[in-house]
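Colleague: Contents are compact mmCIF, C-alpha atoms; file name upload.txt:
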# COMPACT_ATOMS: atom_id res chain seq x y z
CA MET I 1 12.34 -74.20 85.21
CA SER I 2 9.85 -73.85 82.51
CA LYS I 3 8.44 -70.76 84.19
CA SER I 4 11.82 -69.18 84.29
CA LEU I 5 12.37 -69.95 80.64
CA THR I 6 9.04 -68.52 79.81
CA SER I 7 9.97 -65.42 81.67
CA GLN I 8 13.25 -65.17 79.81
CA THR I 9 11.47 -65.68 76.55
CA GLY I 10 9.10 -62.87 77.51
CA LEU I 11 12.00 -60.60 78.30
CA MET I 12 13.74 -61.48 75.04
CA SER I 13 10.61 -60.80 73.07
CA LEU I 14 10.27 -57.39 74.76
CA VAL I 15 13.89 -56.54 73.88
CA SER I 16 13.47 -57.69 70.31
CA CYS I 17 10.31 -55.65 70.07
CA LEU I 18 12.18 -52.54 71.25
CA LEU I 19 14.98 -53.25 68.80
CA GLY I 20 12.40 -53.61 66.07
CA LEU I 21 10.97 -50.23 66.93
CA LEU I 22 14.43 -48.68 66.93
CA CYS I 23 15.19 -50.24 63.57
CA ALA I 24 11.93 -49.00 62.13
CA SER I 25 12.61 -45.52 63.43
CA SER I 26 16.15 -45.39 62.01
CA ALA I 27 14.93 -46.84 58.70
CA HIS I 28 12.42 -43.95 58.46
CA ALA I 29 15.12 -41.28 59.13
CA ALA I 30 17.41 -42.76 56.49
CA GLN I 31 14.71 -42.78 53.79
CA PRO I 32 16.56 -42.01 50.55
CA PRO I 33 15.59 -38.74 48.87
CA VAL I 34 13.48 -39.24 45.77
CA SER I 35 13.27 -36.64 43.04
CA LEU I 36 9.67 -35.63 42.47
CA PRO I 37 8.16 -33.70 39.56
CA PRO I 38 9.38 -30.09 39.76
CA PHE I 39 7.41 -27.12 41.02
CA ILE I 40 7.12 -24.52 38.27
CA ILE I 41 7.01 -20.78 38.96
CA THR I 42 6.17 -18.63 35.95
CA GLY I 43 4.80 -15.18 35.17
CA ARG I 44 5.91 -11.73 34.13
CA VAL I 45 8.61 -9.57 35.64
CA THR I 46 7.81 -5.99 34.76
CA ASP I 47 8.76 -2.47 35.68
CA TYR I 48 6.28 -0.20 37.41
CA ARG I 49 4.67 0.59 34.12
CA GLY I 50 3.90 -3.04 33.42
CA ALA I 51 6.46 -3.34 30.64
CA GLY I 52 8.32 -6.64 30.73
CA LEU I 53 11.97 -6.25 31.67
CA GLU I 54 14.25 -6.85 28.74
CA SER I 55 17.07 -8.48 30.64
CA ALA I 56 17.02 -9.75 34.18
CA GLU I 57 17.68 -12.89 36.12
CA VAL I 58 15.20 -14.49 38.46
CA ARG I 59 16.40 -16.81 41.20
CA VAL I 60 14.75 -19.02 43.77
CA ARG I 61 16.49 -19.70 47.05
CA LYS I 62 15.78 -21.96 49.99
CA GLY I 63 17.54 -20.18 52.80
CA SER I 64 20.80 -19.19 51.19
CA THR I 65 20.86 -22.13 48.79
CA LEU I 66 20.13 -21.40 45.15
CA LEU I 67 17.55 -23.86 43.81
CA ALA I 68 16.78 -22.46 40.38
CA ARG I 69 17.63 -19.53 38.17
CA GLY I 70 16.34 -18.30 34.84
CA ASN I 71 16.59 -15.34 32.51
CA VAL I 72 13.75 -12.99 31.73
CA GLY I 73 13.03 -12.89 28.03
CA LYS I 74 10.58 -13.67 25.29
CA PHE I 75 9.41 -17.26 25.02
CA ASP I 76 8.57 -19.05 21.81
CA ALA I 77 5.61 -20.68 23.51
CA ASP I 78 2.19 -19.05 23.39
CA THR I 79 2.27 -17.51 26.84
CA SER I 80 2.19 -14.12 28.48
CA ALA I 81 5.00 -15.13 30.84
CA ASN I 82 8.51 -13.82 30.44
CA TYR I 83 10.19 -16.08 32.97
CA ALA I 84 9.85 -19.66 34.13
CA LEU I 85 11.68 -21.40 36.93
CA THR I 86 11.84 -25.12 37.49
CA VAL I 87 12.28 -25.81 41.19
CA PRO I 88 13.48 -29.35 41.94
CA MET I 89 11.31 -31.11 44.49
CA SER I 90 12.11 -33.95 46.82
CA ASN I 91 10.21 -36.15 49.25
CA THR I 92 12.65 -35.41 52.03
CA ASP I 93 14.64 -32.43 53.17
CA VAL I 94 17.78 -32.09 51.06
CA PRO I 95 19.76 -28.93 50.36
CA THR I 96 19.36 -29.09 46.59
CA ALA I 97 15.59 -29.41 46.39
CA ALA I 98 12.44 -28.09 47.98
CA VAL I 99 9.88 -30.03 49.97
CA THR I 100 6.20 -29.12 49.95
CA ASN I 101 5.56 -26.16 52.28
CA ASP I 102 9.20 -25.04 52.26
CA ILE I 103 9.57 -21.27 52.36
CA LEU I 104 11.32 -20.07 49.19
CA THR I 105 12.56 -16.62 48.28
CA LEU I 106 12.31 -15.19 44.80
CA GLU I 107 15.05 -12.75 43.92
CA ILE I 108 15.37 -10.55 40.86
CA GLU I 109 18.54 -9.05 39.47
CA ALA I 110 18.18 -6.51 36.69
CA GLY I 111 21.38 -4.88 35.48
CA ALA I 112 23.24 -3.54 38.45
CA ASP I 113 20.19 -3.72 40.68
CA THR I 114 19.08 -6.59 42.82
CA TYR I 115 15.55 -5.95 43.90
CA SER I 116 15.80 -6.98 47.50
CA ASP I 117 12.83 -4.88 48.57
CA THR I 118 10.56 -6.66 46.13
CA ASN I 119 11.76 -10.11 47.02
CA VAL I 120 8.85 -12.44 47.22
CA THR I 121 8.47 -15.20 49.73
CA ILE I 122 6.48 -18.15 48.51
CA THR I 123 5.55 -21.54 49.88
CA ALA I 124 6.54 -24.50 47.76
CA ALA I 125 3.41 -26.17 46.44
CA ASN I 126 2.99 -29.85 45.73
CA PRO I 127 5.34 -31.38 43.16
CA GLY I 128 4.20 -30.90 39.60
CA ARG I 129 2.14 -27.80 40.37
CA THR I 130 2.60 -24.47 38.57
CA LEU I 131 2.43 -21.12 40.31
CA LYS I 132 1.77 -18.02 38.20
CA LEU I 133 3.42 -15.02 39.76
CA ASN I 134 3.66 -11.57 38.20
CA ILE I 135 6.19 -9.29 39.83
CA ARG I 136 7.00 -5.63 39.51
CA ALA I 137 10.70 -5.13 39.93
CA ALA I 138 11.01 -1.41 40.54
CA SER I 139 11.05 1.12 43.26
CA CYS I 140 9.40 4.47 43.68
CA THR I 141 9.29 7.11 46.35
CA ASN I 142 5.93 8.60 45.37
CA PRO I 143 2.53 7.47 46.62
CA TYR I 144 0.99 6.91 43.18
CA GLY I 145 2.66 3.65 42.14
CA VAL I 146 4.29 5.20 39.10
CA SER I 147 8.02 5.41 38.54
CA ASP I 148 9.80 8.51 39.81
CA ALA I 149 11.29 9.10 36.36
CA TYR I 150 7.81 9.07 34.80
CA LEU I 151 6.52 11.58 37.34
CA SER I 152 9.52 13.81 36.80
CA ASP I 153 9.04 13.70 33.01
CA ILE I 154 5.35 14.48 33.37
CA ARG I 155 6.11 17.50 35.54
CA MET I 156 8.68 18.75 33.07
CA TYR I 157 6.24 18.32 30.18
CA VAL I 158 3.52 20.19 32.04
CA ASP I 159 5.91 23.03 32.93
CA ALA I 160 7.52 23.31 29.50
CA CYS I 161 4.23 23.28 27.61
CA GLY I 162 2.31 25.37 30.16
CA ILE I 163 -0.40 22.76 30.59
CA ASP I 164 -3.01 23.48 33.23
CA GLY I 165 -5.19 20.88 34.90
CA PHE I 166 -3.06 17.78 34.66
CA LEU I 167 -1.59 18.30 38.10
CA ASP I 168 -3.78 19.46 40.95
CA ALA I 169 -3.44 22.85 42.65
CA GLU I 170 -0.61 21.54 44.82
CA GLY I 171 1.22 20.15 41.80
CA ASN I 172 0.34 16.52 42.54
CA TYR I 173 -0.21 13.80 39.96
CA GLN I 174 -3.88 12.80 39.68
CA PRO I 175 -4.01 9.09 38.86
CA ASN I 176 -7.80 8.89 38.82
CA ALA I 177 -8.38 11.87 36.55
CA ASP I 178 -8.77 11.65 32.77
CA PHE I 179 -6.95 14.74 31.55
CA ASP I 180 -7.25 14.19 27.79
CA GLY I 181 -10.86 13.02 28.01
CA ASP I 182 -10.36 9.79 26.10
CA GLY I 183 -12.19 7.72 28.70
CA VAL I 184 -9.02 6.23 30.15
CA TYR I 185 -7.85 7.63 33.46
CA ASN I 186 -4.27 8.76 33.86
CA TYR I 187 -2.98 5.78 35.80
CA ALA I 188 -4.51 3.33 33.32
CA GLU I 189 -2.75 5.23 30.54
CA TYR I 190 0.48 4.82 32.44
CA LEU I 191 -0.03 1.07 32.69
CA ALA I 192 -1.08 0.74 29.06
CA GLY I 193 1.94 2.76 27.90
CA THR I 194 -0.24 5.35 26.20
CA ASP I 195 0.01 9.13 26.24
CA PRO I 196 -2.12 10.79 28.93
CA PHE I 197 -1.99 14.08 26.98
CA ASP I 198 -3.20 12.63 23.69
CA ALA I 199 -6.89 11.76 23.33
CA ALA I 200 -6.18 9.68 20.23
CA ASP I 201 -3.85 7.43 22.19
CA ALA I 202 -6.41 5.78 24.41
CA GLY I 203 -5.42 2.69 26.33
CA LEU I 204 -6.47 -0.50 24.60
CA LYS I 205 -8.61 1.25 22.04
CA ILE I 206 -9.42 -0.79 18.93
CA LEU I 207 -8.68 1.59 16.08
CA SER I 208 -10.54 -0.29 13.35
CA TRP I 209 -12.88 -3.27 13.25
CA LYS I 210 -13.91 -4.79 9.95
CA ALA I 211 -14.57 -8.09 8.23
CA VAL I 212 -11.75 -9.52 6.17
CA GLU I 213 -12.37 -9.26 2.46
CA GLY I 214 -13.24 -12.68 1.03
CA ASN I 215 -13.47 -14.24 4.48
CA PRO I 216 -16.43 -12.69 6.32
CA ASP I 217 -16.08 -15.08 9.25
CA VAL I 218 -12.87 -13.36 10.28
CA MET I 219 -12.75 -9.87 11.74
CA GLU I 220 -9.70 -7.65 11.66
CA ALA I 221 -9.00 -5.51 14.73
CA THR I 222 -6.18 -2.98 14.76
CA PHE I 223 -4.60 -1.34 17.76
CA LEU I 224 -1.38 0.37 18.77
CA PRO I 225 0.48 -1.80 21.27
CA ALA I 226 3.08 -0.55 23.71
CA PRO I 227 6.55 -2.08 23.98
CA ASN I 228 7.31 -5.18 26.07
CA ARG I 229 3.69 -5.97 26.81
CA ALA I 230 1.55 -9.07 26.44
CA TYR I 231 -1.97 -8.75 25.05
CA SER I 232 -4.84 -11.15 24.61
CA ALA I 233 -8.30 -10.89 23.08
CA GLU I 234 -11.47 -11.61 25.02
CA ARG I 235 -14.98 -12.36 23.86
CA ALA I 236 -18.38 -12.25 25.55
CA SER I 237 -21.47 -13.85 24.04
CA THR I 238 -24.86 -12.28 24.05
CA GLU I 239 -27.65 -13.79 26.13
CA SER I 240 -29.68 -16.66 24.69
CA ASP I 241 -32.53 -14.26 23.91
CA GLY I 242 -30.16 -12.08 21.90
CA THR I 243 -29.93 -9.29 24.44
CA ARG I 244 -26.67 -8.09 25.89
CA SER I 245 -25.94 -8.49 29.54
CA LEU I 246 -25.13 -5.35 31.49
CA ARG I 247 -22.14 -7.22 32.90
CA PRO I 248 -20.93 -9.47 30.09
CA GLN I 249 -18.67 -12.36 31.01
CA PHE I 250 -15.52 -12.05 28.92
CA GLU I 251 -13.34 -15.05 28.24
CA LEU I 252 -10.02 -15.50 26.49
CA THR I 253 -10.46 -16.11 22.79
CA PRO I 254 -7.65 -17.09 20.41
CA HIS I 255 -6.54 -14.81 17.60
CA GLN I 256 -4.46 -15.02 14.44
CA LEU I 257 -1.77 -12.69 13.20
CA THR I 258 -2.74 -13.23 9.56
CA PRO I 259 -6.21 -13.41 8.02
CA GLU I 260 -5.87 -16.80 6.28
CA ARG I 261 -8.49 -19.35 7.21
CA TYR I 262 -6.12 -21.94 8.68
CA ALA I 263 -3.46 -19.68 10.13
CA VAL I 264 -1.99 -20.54 13.52
CA ARG I 265 -4.23 -19.34 16.35
CA LYS I 266 -2.70 -18.20 19.59
CA ASN I 267 -3.77 -16.71 22.87
CA TYR I 268 -1.15 -14.04 23.48
CA LEU I 269 0.48 -11.30 21.47
CA ASN I 270 3.84 -10.36 22.93
CA THR I 271 5.52 -7.16 21.84
CA GLY I 272 9.22 -6.43 22.01
CA ASN I 273 11.17 -3.22 21.97
CA GLU I 274 10.35 -2.38 18.37
CA ASP I 275 9.15 1.07 17.33
CA PRO I 276 5.42 1.73 17.81
CA GLU I 277 3.37 0.41 14.93
CA VAL I 278 -0.33 -0.26 14.51
CA ARG I 279 -0.85 -4.03 14.61
CA ALA I 280 -3.72 -6.16 13.37
CA ILE I 281 -5.11 -9.30 14.93
CA TYR I 282 -7.76 -11.53 13.37
CA LEU I 283 -10.64 -12.99 15.30
CA TYR I 284 -13.18 -15.63 14.25
CA LYS I 285 -16.79 -14.61 14.58
CA GLU I 286 -18.62 -16.93 16.94
CA GLY I 287 -22.35 -17.07 17.58
CA SER I 288 -24.82 -14.57 16.27
CA SER I 289 -23.36 -11.65 18.14
CA SER I 290 -20.40 -11.18 20.45
CA LEU I 291 -18.49 -8.47 22.19
CA TYR I 292 -14.71 -8.39 21.84
CA ARG I 293 -12.09 -6.50 23.77
CA LEU I 294 -8.34 -6.42 24.28
CA ARG I 295 -6.73 -7.32 27.55
CA LEU I 296 -3.32 -6.22 28.82
CA GLU I 297 -1.71 -9.07 30.73
CA MET G 1 44.94 20.71 -1.09
CA ARG G 2 42.73 18.86 1.34
CA SER G 3 45.72 18.06 3.49
CA THR G 4 46.56 21.74 3.89
CA PHE G 5 42.96 22.50 4.70
CA THR G 6 42.71 19.91 7.42
CA LYS G 7 45.97 21.03 8.99
CA LYS G 8 44.63 24.57 9.11
CA ALA G 9 41.45 23.32 10.64
CA LEU G 10 43.28 21.47 13.34
CA LEU G 11 45.48 24.45 14.08
CA ALA G 12 42.38 26.60 14.32
CA CYS G 13 40.96 24.12 16.73
CA ILE G 14 43.92 24.40 19.04
CA ALA G 15 44.18 28.17 18.66
CA CYS G 16 40.57 28.62 19.68
CA GLY G 17 41.24 26.75 22.86
CA LEU G 18 38.50 24.29 22.11
CA SER G 19 40.59 21.49 23.47
CA SER G 20 39.54 22.58 26.92
CA ALA G 21 35.87 22.05 26.04
CA ALA G 22 33.99 19.29 27.79
CA VAL G 23 34.61 16.75 25.02
CA ALA G 24 38.17 15.59 25.27
CA SER G 25 38.65 13.75 22.02
CA SER G 26 42.02 13.01 20.53
CA PHE G 27 42.78 13.08 16.83
CA THR G 28 45.91 12.33 14.91
CA ASN G 29 46.92 14.78 12.21
CA HIS G 30 48.66 13.85 8.98
CA ALA G 31 52.07 14.35 10.56
CA GLY G 32 51.23 11.76 13.18
CA HIS G 33 50.86 14.22 16.04
CA VAL G 34 48.04 13.67 18.49
CA VAL G 35 45.94 16.77 19.07
CA SER G 36 42.83 17.38 21.11
CA GLY G 37 39.76 19.15 19.84
CA GLN G 38 36.04 19.40 19.95
CA LEU G 39 34.53 17.14 17.34
CA VAL G 40 31.93 18.98 15.32
CA SER G 41 32.07 16.90 12.18
CA LEU G 42 34.41 14.66 10.34
CA THR G 43 35.91 15.22 6.94
CA ASN G 44 37.49 12.14 5.55
CA GLY G 45 38.22 10.91 9.06
CA VAL G 46 39.86 14.15 10.23
CA ALA G 47 38.26 16.55 12.70
CA VAL G 48 36.97 19.81 11.29
CA ILE G 49 35.77 22.80 13.27
CA GLY G 50 33.14 24.81 11.48
CA SER G 51 33.73 25.79 7.82
CA ARG G 52 33.40 22.96 5.35
CA ALA G 53 32.01 19.57 6.16
CA TYR G 54 31.08 16.91 3.67
CA PRO G 55 27.95 14.81 3.94
CA LEU G 56 28.68 11.21 4.77
CA SER G 57 26.95 10.18 1.58
CA VAL G 58 29.92 11.35 -0.52
CA PHE G 59 32.07 8.61 1.02
CA PRO G 60 32.05 4.92 0.19
CA ASP G 61 29.69 2.75 2.26
CA SER G 62 32.42 1.09 4.27
CA GLU G 63 33.85 4.49 5.18
CA GLN G 64 30.42 5.84 6.14
CA VAL G 65 29.96 3.08 8.69
CA ARG G 66 33.31 3.88 10.27
CA MET G 67 32.59 7.61 10.37
CA ARG G 68 29.13 7.15 11.82
CA ALA G 69 30.64 5.05 14.53
CA LEU G 70 33.18 7.81 15.21
CA LEU G 71 30.49 10.46 15.25
CA CYS G 72 28.44 8.42 17.68
CA VAL G 73 31.08 8.16 20.32
CA PRO G 74 31.21 11.64 21.86
CA GLN G 75 27.47 12.23 21.53
CA LYS G 76 26.43 9.50 23.89
CA LEU G 77 23.91 10.73 26.43
CA PRO G 78 24.07 9.97 30.14
CA PRO G 79 21.81 6.96 30.92
CA ALA G 80 19.17 8.95 32.82
CA LEU G 81 18.84 11.50 30.02
CA GLU G 82 18.80 8.76 27.40
CA ALA G 83 15.95 7.07 29.28
CA ARG G 84 14.00 10.34 29.20
CA ARG G 85 14.69 10.70 25.50
CA VAL G 86 13.49 7.15 24.86
CA ALA G 87 10.27 7.89 26.75
CA LEU G 88 9.64 11.08 24.74
CA ARG G 89 10.57 9.31 21.52
CA GLU G 90 8.05 6.61 22.31
CA ARG G 91 5.31 9.21 22.71
CA LEU G 92 6.36 10.91 19.50
CA LEU G 93 6.38 7.72 17.45
CA ARG G 94 3.05 6.60 18.90
CA SER G 95 1.50 9.90 17.89
CA GLU G 96 2.88 9.58 14.37
CA ALA G 97 1.76 5.95 14.07
CA LEU G 98 -1.76 7.00 15.05
CA ALA G 99 -1.70 9.79 12.48
CA LYS G 100 -0.50 7.33 9.84
CA ALA G 101 -3.37 5.00 10.74
CA GLY G 102 -5.86 7.86 10.43
CA ALA G 103 -6.68 7.89 14.14
CA LYS G 104 -5.62 11.54 14.45
CA SER G 105 -4.97 14.40 12.09
CA SER G 106 -1.50 15.22 10.81
CA GLU G 107 -1.91 18.75 12.24
CA SER G 108 -2.57 17.31 15.67
CA ALA G 109 0.45 15.02 15.32
CA ALA G 110 2.63 17.96 14.26
CA ALA G 111 1.48 20.02 17.26
CA HIS G 112 2.22 17.08 19.52
CA ARG G 113 5.69 16.72 18.02
CA ALA G 114 6.37 20.42 18.55
CA ARG G 115 5.43 20.16 22.22
CA LEU G 116 7.61 17.09 22.72
CA GLU G 117 10.54 18.81 21.04
CA VAL G 118 10.17 21.82 23.35
CA VAL G 119 10.34 19.50 26.33
CA TRP G 120 13.33 17.68 24.86
CA ARG G 121 15.25 20.91 24.32
CA GLN G 122 14.51 21.94 27.88
CA MET G 123 15.76 18.59 29.16
CA LEU G 124 18.95 19.05 27.15
CA ASP G 125 19.41 22.58 28.42
CA ASN G 126 19.08 21.43 32.02
CA ALA G 127 21.43 18.49 31.58
CA LYS G 128 25.09 18.61 32.48
CA ILE G 129 26.44 17.72 29.04
CA ASP G 130 28.86 19.43 26.71
CA ASP G 131 27.72 21.80 24.00
CA ALA G 132 28.59 19.45 21.16
CA THR G 133 26.47 16.68 22.60
CA ARG G 134 23.64 19.13 23.26
CA ALA G 135 23.85 20.43 19.72
CA TYR G 136 23.98 16.93 18.31
CA TRP G 137 20.85 15.74 20.12
CA ARG G 138 18.81 18.91 19.88
CA LEU G 139 17.29 17.89 16.58
CA ARG G 140 17.53 14.17 17.11
CA LEU G 141 14.71 13.35 19.46
CA ALA G 142 13.44 10.64 17.14
CA GLU G 143 16.86 9.09 16.59
CA ASP G 144 17.12 5.40 17.29
CA ALA G 145 20.26 5.35 19.39
CA SER G 146 19.65 1.83 20.66
CA ARG G 147 20.76 0.39 17.37
CA GLY G 148 24.20 1.96 17.61
CA ILE G 149 24.56 3.93 14.42
CA PRO G 150 22.25 6.85 13.69
CA ALA G 151 19.94 6.08 10.80
CA LYS G 152 19.98 9.59 9.37
CA LYS G 153 22.69 10.61 6.95
CA GLU G 154 24.49 13.82 7.82
Have the structure of the file written as structure tokens, please.
Modeller:
Amino acid sequence: MSKSLTSQTGLMSLVSCLLGLLCASSAHAAQPPVSLPPFIITGRVTDYRGAGLESAEVRVRKGSTLLARGNVGKFDADTSANYALTVPMSNTDVPTAAVTNDILTLEIEAGADTYSDTNVTITAANPGRTLKLNIRAASCTNPYGVSDAYLSDIRMYVDACGIDGFLDAEGNYQPNADFDGDGVYNYAEYLAGTDPFDAADAGLKILSWKAVEGNPDVMEATFLPAPNRAYSAERASTESDGTRSLRPQFELTPHQLTPERYAVRKNYLNTGNEDPEVRAIYLYKEGSSSLYRLRLE
Amino acid sequence: MRSTFTKKALLACIACGLSSAAVASSFTNHAGHVVSGQLVSLTNGVAVIGSRAYPLSVFPDSEQVRMRALLCVPQKLPPALEARRVALRERLLRSEALAKAGAKSSESAAAHRARLEVVWRQMLDNAKIDDATRAYWRLRLAEDASRGIPAKKE
């Protein structure tokens, strides 16, 4: 009798154990979705020339579901980015949010064009992380990576002005040549928005460099920016023995837009669609000797 | 006196057959009749072909704005050509900004401008646009069309 009871008890405990396992399993599947810190995607959407688009919409999709959208434009914050998307994240798979390692698609719509051939597939990172992603939203049918319109204009300019040497014997664009001899090769001029036929218009050339009157710790650098670009200044120190390295290590250094001692210092200078104008930035002298240069973001 | 003049001008416009030109603009004469013609300039809001045209500066400010807007309408460039003009204009203004900053000589800037204007005229000549639009833009490479109303006074 007691044996039988024991046996029954054993059977009951086995059943209850199985039920427990089933309950645990169903409790795991029904785990409620929890909103986690968002995954941020930010960067610059540019045309082939590197100029930021003036109006466009950037979207992030998971499958066909839209997770986030944002407009391309100028930000008030000190950043070189012209778009930022906040992708909602979740701990479990829900249609309205991404889970770490989800495959997301970035889509750009500019005017009447949706750049499907430049769509970018990205993997959702951990919640709270930021991904910097610069994208060129353009298309070209030439092998040089410049816009077709630019190439067509260049050819027309060469023909109309009877310029020899810019195109090769077969009439091809030469991206690695420096036609005007300003030290900046043709493709770099294209990216910088400078004129490849004008030696005075040379990439990121600093036009003047002088100490500010009455404030010798601040240097004024002038240059001619191109439209819809983001620039920053970089500095490299000399070696401890005062010599200059053959390969100096440049790092981002903040600049001011006015020469006053306590003016706001920022990292990026963003240009809009205004007419070309020589701009000045102000840099604090640091150390006994430094090298400075401009960087196009 | 002016009324008679403008009526003659409009009649001349029709007689010359200019209404069949590429620009199909409609104007209303003083009698309230709608006529078509090629807009070359505006005199007190009425189309004039050739002969006398008054500078916009002789009109009151409010009237100038209206007339500039009217003058802008038929001279709009096709988007692809406008994009080319903007690219050339950018090169022109960069060259002039560099000259202003002393980074290049004014002679060099002038030569550069001349070359860009040659290219611009060639682009206009190759474009499928009407003669009035071509004539309007021939000397307006540096115009800032993006802001709607031309900055230069006629």
Colleague: For chain G, report every residue with an atom at most 8 Å from chain I (counting all atoms listed in the file), formatted as a ChimeraX atom specification.
Modeller: /G:84,90-91,93-95,97-98,101,103-104,115-116,118-119,122
Colleague: Within 12 Å of Asp178 (chain I), counting only C-alpha atoms, which residues show up once you throw out same-chain ones fewer than 6 positions away? Write them as a PyMOL selection string, please.
Modeller: chain I and resi 165-167+184-190+195-199+202-203
Colleague: Could you work out how far CA of Val34 (chain I) lies from CA of Leu67 (chain I), giving the answer in Å with one decimal?
Modeller: 16.0 Å
Colleague: Can you tell me how far CA of Asp217 (chain I) sits from CA of Ser80 (chain I), in Å to one decimal?
Modeller: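 Distance between the two atoms: 26.5 Å.
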Colleague: Just give me the gap between CA of Lys132 (chain I) and CA of Ala84 (chain I) in Å, one decimal is fine.
Modeller: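 Distance reported for this atom pair: 9.2 Å.
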Colleague: So that I can check the surroundings of Asn126 (chain I), please list as an MDAnalysis selection string every protein, DNA and RNA residue that reaches within 9 Å of it, counting all atoms listed in the file and ignoring chain neighbours fewer than 4 positions away.
Modeller: chainID I and resid 37:39 89 99:101 130
